[in-house]
Each structure stands twice: as structure tokens, then as C-alpha cells.
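Notes follow once the structure below has been shown.
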Amino acid sequence: MAAPIDLELKKAFGELQVKMIDTQQKVKLADLQIEQLSRVKKHANLTNAEITTLPNTTRMYEGVGRMFILQSKDVINRQLVEKQKTADEKIKELEQKKTYLERSVKDAEDNIREMLMSRRAQ
């Protein structure tokens, strides 16, 4: 009777290990994406701060691929603000995804602990 219990625990531990490795990779990826989005947000914020100090008559160009297009100050301002909002939203989504992943691993660990406790009680 001990052999089936050991096999069941071994299988559960194997599944937990696979889940832990997968989740750790996903969490690292989410951290990298959050870091990159934070840099994009900071860059847009700094650029916007510099642009607001310039007079409205200043000629501004937007980089598109390998060329530059003349744009008004308002258009560039709106694009920078939109870029900041988009980065904020994506950061929030990634934070939620990260907490979900961490919670799912914790639940799996708790399930295995409960299984061990029930086996010891028998």
C-alpha cells in the first residue's frame, strides 16, 4: 500500500516542480516587460516635459521609420500622453497577471502540503 502513495506523491511533486519552473519564467518575463514599460513611460514623460517648455511655433518632427514628419506640438503632446496611459494600463495588467501566477503556485504548494498531512495522519 505504501508504493501507490509514494507514486502519487512523486507525481504531485513532479507536477509542482514543472508548474514552479513555468511560473517563475512567466514572472521573470512579466518583470522584464514591466521594467521596459516603465522606461517607455519615463521617456515619454521626460520628452513631454521638455516639449511643454518650447514655444508653440517651434517646428517639431515625429520619427516614422527612417523619415521624419512635421507635426504640431499638440499632436506630439497627445501622442506622448497616450503612450504614458497605454504603458500604465499594460503595467497594471502585468502586475495582476504576476499576482495570479504567484497565487496559483502557492495554492499548488498548499495542496501538496495538505496531501502530505493527510498521508501522515493515516
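Each chain of the C-alpha cells is named A, B, ... in the order shown, its residues numbered from 1; ligands are numbered from 1 in display order.
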
As a list in words, list the residues of chain A assigned to strand (DSSP E or B) by DSSP on the backbone atoms of this structure. Met60, Tyr61, Glu62, Gly63, Val64, Met67, Phe68, Ile69, Leu70 and Gln71 of chain A

Writing out the chosen residues with all heavy atoms as a PDB file, in the first residue's frame:
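Dumped everything to part.pdb:
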ATOM      1  N   MET A  60       8.300  70.806 -34.937  1.00  0.00           N
ATOM      2  CA  MET A  60       8.577  69.508 -34.317  1.00  0.00           C
ATOM      3  C   MET A  60       8.348  68.408 -35.335  1.00  0.00           C
ATOM      4  O   MET A  60       7.417  68.469 -36.125  1.00  0.00           O
ATOM      5  CB  MET A  60       7.677  69.300 -33.106  1.00  0.00           C
ATOM      6  CG  MET A  60       7.925  70.283 -32.018  1.00  0.00           C
ATOM      7  SD  MET A  60       6.998  69.869 -30.574  1.00  0.00           S
ATOM      8  CE  MET A  60       7.263  71.341 -29.637  1.00  0.00           C
ATOM      9  N   TYR A  61       9.199  67.423 -35.255  1.00  0.00           N
ATOM     10  CA  TYR A  61       9.136  66.313 -36.204  1.00  0.00           C
ATOM     11  C   TYR A  61       8.973  65.008 -35.439  1.00  0.00           C
ATOM     12  O   TYR A  61       9.589  64.792 -34.406  1.00  0.00           O
ATOM     13  CB  TYR A  61      10.412  66.265 -37.048  1.00  0.00           C
ATOM     14  CG  TYR A  61      10.577  67.460 -37.932  1.00  0.00           C
ATOM     15  CD1 TYR A  61      11.221  68.605 -37.469  1.00  0.00           C
ATOM     16  CD2 TYR A  61      10.078  67.459 -39.220  1.00  0.00           C
ATOM     17  CE1 TYR A  61      11.356  69.717 -38.282  1.00  0.00           C
ATOM     18  CE2 TYR A  61      10.216  68.565 -40.041  1.00  0.00           C
ATOM     19  CZ  TYR A  61      10.857  69.692 -39.561  1.00  0.00           C
ATOM     20  OH  TYR A  61      10.990  70.787 -40.366  1.00  0.00           O
ATOM     21  N   GLU A  62       8.141  64.149 -36.003  1.00  0.00           N
ATOM     22  CA  GLU A  62       7.918  62.821 -35.424  1.00  0.00           C
ATOM     23  C   GLU A  62       8.673  61.807 -36.272  1.00  0.00           C
ATOM     24  O   GLU A  62       8.571  61.806 -37.501  1.00  0.00           O
ATOM     25  CB  GLU A  62       6.426  62.507 -35.430  1.00  0.00           C
ATOM     26  CG  GLU A  62       6.095  61.112 -34.970  1.00  0.00           C
ATOM     27  CD  GLU A  62       4.641  60.756 -35.179  1.00  0.00           C
ATOM     28  OE1 GLU A  62       3.889  61.538 -35.781  1.00  0.00           O
ATOM     29  OE2 GLU A  62       4.268  59.649 -34.744  1.00  0.00           O
ATOM     30  N   GLY A  63       9.423  60.946 -35.603  1.00  0.00           N
ATOM     31  CA  GLY A  63      10.155  59.919 -36.322  1.00  0.00           C
ATOM     32  C   GLY A  63       9.239  58.770 -36.704  1.00  0.00           C
ATOM     33  O   GLY A  63       8.579  58.177 -35.866  1.00  0.00           O
ATOM     34  N   VAL A  64       9.200  58.465 -38.000  1.00  0.00           N
ATOM     35  CA  VAL A  64       8.388  57.363 -38.504  1.00  0.00           C
ATOM     36  C   VAL A  64       9.292  56.515 -39.397  1.00  0.00           C
ATOM     37  O   VAL A  64       9.626  56.920 -40.508  1.00  0.00           O
ATOM     38  CB  VAL A  64       7.170  57.881 -39.309  1.00  0.00           C
ATOM     39  CG1 VAL A  64       6.361  56.710 -39.855  1.00  0.00           C
ATOM     40  CG2 VAL A  64       6.306  58.794 -38.471  1.00  0.00           C
ATOM     41  N   MET A  67      12.167  58.110 -41.616  1.00  0.00           N
ATOM     42  CA  MET A  67      11.914  59.502 -42.009  1.00  0.00           C
ATOM     43  C   MET A  67      11.284  60.264 -40.852  1.00  0.00           C
ATOM     44  O   MET A  67      10.912  59.681 -39.830  1.00  0.00           O
ATOM     45  CB  MET A  67      10.997  59.546 -43.223  1.00  0.00           C
ATOM     46  CG  MET A  67       9.613  59.045 -42.984  1.00  0.00           C
ATOM     47  SD  MET A  67       8.666  59.179 -44.502  1.00  0.00           S
ATOM     48  CE  MET A  67       7.109  58.581 -43.944  1.00  0.00           C
ATOM     49  N   PHE A  68      11.185  61.550 -41.014  1.00  0.00           N
ATOM     50  CA  PHE A  68      10.587  62.415 -40.011  1.00  0.00           C
ATOM     51  C   PHE A  68       9.449  63.198 -40.641  1.00  0.00           C
ATOM     52  O   PHE A  68       9.567  63.694 -41.766  1.00  0.00           O
ATOM     53  CB  PHE A  68      11.632  63.380 -39.441  1.00  0.00           C
ATOM     54  CG  PHE A  68      12.723  62.682 -38.697  1.00  0.00           C
ATOM     55  CD1 PHE A  68      13.897  62.327 -39.328  1.00  0.00           C
ATOM     56  CD2 PHE A  68      12.561  62.359 -37.361  1.00  0.00           C
ATOM     57  CE1 PHE A  68      14.901  61.670 -38.640  1.00  0.00           C
ATOM     58  CE2 PHE A  68      13.555  61.704 -36.665  1.00  0.00           C
ATOM     59  CZ  PHE A  68      14.728  61.352 -37.308  1.00  0.00           C
ATOM     60  N   ILE A  69       8.340  63.314 -39.884  1.00  0.00           N
ATOM     61  CA  ILE A  69       7.151  64.008 -40.372  1.00  0.00           C
ATOM     62  C   ILE A  69       6.909  65.231 -39.490  1.00  0.00           C
ATOM     63  O   ILE A  69       6.938  65.131 -38.263  1.00  0.00           O
ATOM     64  CB  ILE A  69       5.914  63.084 -40.339  1.00  0.00           C
ATOM     65  CG1 ILE A  69       6.151  61.872 -41.241  1.00  0.00           C
ATOM     66  CG2 ILE A  69       4.663  63.832 -40.746  1.00  0.00           C
ATOM     67  CD1 ILE A  69       5.052  60.846 -41.182  1.00  0.00           C
ATOM     68  N   LEU A  70       6.665  66.370 -40.142  1.00  0.00           N
ATOM     69  CA  LEU A  70       6.366  67.593 -39.406  1.00  0.00           C
ATOM     70  C   LEU A  70       5.009  67.449 -38.716  1.00  0.00           C
ATOM     71  O   LEU A  70       4.020  67.110 -39.350  1.00  0.00           O
ATOM     72  CB  LEU A  70       6.353  68.799 -40.361  1.00  0.00           C
ATOM     73  CG  LEU A  70       6.081  70.158 -39.737  1.00  0.00           C
ATOM     74  CD1 LEU A  70       7.198  70.527 -38.763  1.00  0.00           C
ATOM     75  CD2 LEU A  70       5.962  71.221 -40.816  1.00  0.00           C
ATOM     76  N   GLN A  71       4.979  67.670 -37.396  1.00  0.00           N
ATOM     77  CA  GLN A  71       3.742  67.570 -36.610  1.00  0.00           C
ATOM     78  C   GLN A  71       3.608  68.807 -35.742  1.00  0.00           C
ATOM     79  O   GLN A  71       4.598  69.451 -35.400  1.00  0.00           O
ATOM     80  CB  GLN A  71       3.768  66.332 -35.705  1.00  0.00           C
ATOM     81  CG  GLN A  71       3.781  65.014 -36.412  1.00  0.00           C
ATOM     82  CD  GLN A  71       2.413  64.616 -36.951  1.00  0.00           C
ATOM     83  OE1 GLN A  71       1.460  65.394 -36.943  1.00  0.00           O
ATOM     84  NE2 GLN A  71       2.313  63.397 -37.436  1.00  0.00           N
TER      85      GLN A  71
END

Pick out each residue of chain A that DSSP on the backbone tags as helix (DSSP H, G or I); I need them as an NGL selection string. :A and (2-53 or 73-121)

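Using only C-alpha atoms for every distance, the candidate list A:Thr52, A:Gln25, A:Thr47, A:Asn77 yields A:Gln25 as the residue closest to Leu101 of chain A.
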
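Residues in contact with segment 109-111 of chain A at 10 Å, where only C-alpha atoms are counted and same-chain residues fewer than 3 positions away are skipped, are listed as Ala12, Phe13, Leu16, Gln17, Met20, Arg103, Ser104, Val105, Lys106, Glu114, Met115, Leu116 and Met117 of chain A.
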
Fewer than 4 positions away in the same chain doesn't count, so skip those; otherwise give me all residues within 8 Å of Gln33 of chain A, counting only C-alpha atoms, as a PyMOL selection string. chain A and resi 29+37+94

Go ahead and write the selection's residues with N, CA, C and O atoms as an mmCIF file, in the first residue's frame.
data_model
loop_
_atom_site.group_PDB
_atom_site.id
_atom_site.type_symbol
_atom_site.label_atom_id
_atom_site.label_comp_id
_atom_site.auth_asym_id
_atom_site.auth_seq_id
_atom_site.Cartn_x
_atom_site.Cartn_y
_atom_site.Cartn_z
ATOM 1 N N LEU A 29 9.494 37.084 -17.005
ATOM 2 C CA LEU A 29 9.108 37.754 -18.240
ATOM 3 C C LEU A 29 8.238 38.971 -17.937
ATOM 4 O O LEU A 29 8.431 40.045 -18.511
ATOM 5 N N LEU A 37 8.343 48.755 -19.897
ATOM 6 C CA LEU A 37 7.238 49.709 -19.998
ATOM 7 C C LEU A 37 7.461 50.917 -19.091
ATOM 8 O O LEU A 37 7.082 52.035 -19.443
ATOM 9 N N LEU A 94 -0.010 43.498 -16.216
ATOM 10 C CA LEU A 94 1.096 42.588 -15.915
ATOM 11 C C LEU A 94 1.235 42.328 -14.423
ATOM 12 O O LEU A 94 1.543 41.212 -14.003
#

Within 12 Å of Val40 of chain A, counting only C-alpha atoms, which residues show up once you throw out same-chain ones fewer than 3 positions away? Write them as a PDB file with C-alpha atoms, in the first residue's frame, please.
ATOM      1  CA  GLN A  33       8.065  43.724 -19.518  1.00  0.00           C
ATOM      2  CA  ILE A  34       7.113  45.930 -16.557  1.00  0.00           C
ATOM      3  CA  GLU A  35      10.656  47.305 -16.414  1.00  0.00           C
ATOM      4  CA  GLN A  36      10.657  48.035 -20.149  1.00  0.00           C
ATOM      5  CA  LEU A  37       7.238  49.709 -19.998  1.00  0.00           C
ATOM      6  CA  HIS A  43      10.975  58.541 -21.586  1.00  0.00           C
ATOM      7  CA  ALA A  44       7.578  59.811 -22.754  1.00  0.00           C
ATOM      8  CA  ASN A  45       7.167  61.810 -19.546  1.00  0.00           C
ATOM      9  CA  LEU A  46      10.593  63.449 -19.874  1.00  0.00           C
ATOM     10  CA  THR A  47      10.038  64.204 -23.563  1.00  0.00           C
ATOM     11  CA  LEU A  80       3.139  61.186 -25.592  1.00  0.00           C
ATOM     12  CA  VAL A  81       0.265  61.321 -23.105  1.00  0.00           C
ATOM     13  CA  GLU A  82      -1.396  58.380 -24.867  1.00  0.00           C
ATOM     14  CA  LYS A  83       1.873  56.434 -24.745  1.00  0.00           C
ATOM     15  CA  GLN A  84       2.053  57.036 -20.968  1.00  0.00           C
ATOM     16  CA  LYS A  85      -1.552  55.901 -20.444  1.00  0.00           C
ATOM     17  CA  THR A  86      -1.022  52.762 -22.516  1.00  0.00           C
ATOM     18  CA  ALA A  87       2.129  51.909 -20.567  1.00  0.00           C
ATOM     19  CA  ASP A  88       0.273  52.411 -17.261  1.00  0.00           C
ATOM     20  CA  LYS A  90      -0.170  47.396 -19.504  1.00  0.00           C
ATOM     21  CA  ILE A  91       1.826  47.638 -16.278  1.00  0.00           C
TER      22      ILE A  91
END

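Counting from atom CA of Leu32 of chain A, the distance to atom CA of Gly14 of chain A is 27.3 Å.
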
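Of the listed residues (A:Lys42, A:Arg66, A:Lys73, A:Thr99), A:Thr99 comes nearest to Ala30 of chain A; the distances count only C-alpha atoms.
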
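Distances from A:Lys98, A:Ile76, A:Leu9, A:Lys41 to Thr58 of chain A were compared using only C-alpha atoms, and the smallest one belongs to A:Ile76.
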
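Closest approach to Lys97 of chain A among A:Arg113, A:Lys19, A:Lys28, A:Lys11: A:Lys28, based on only C-alpha atoms.
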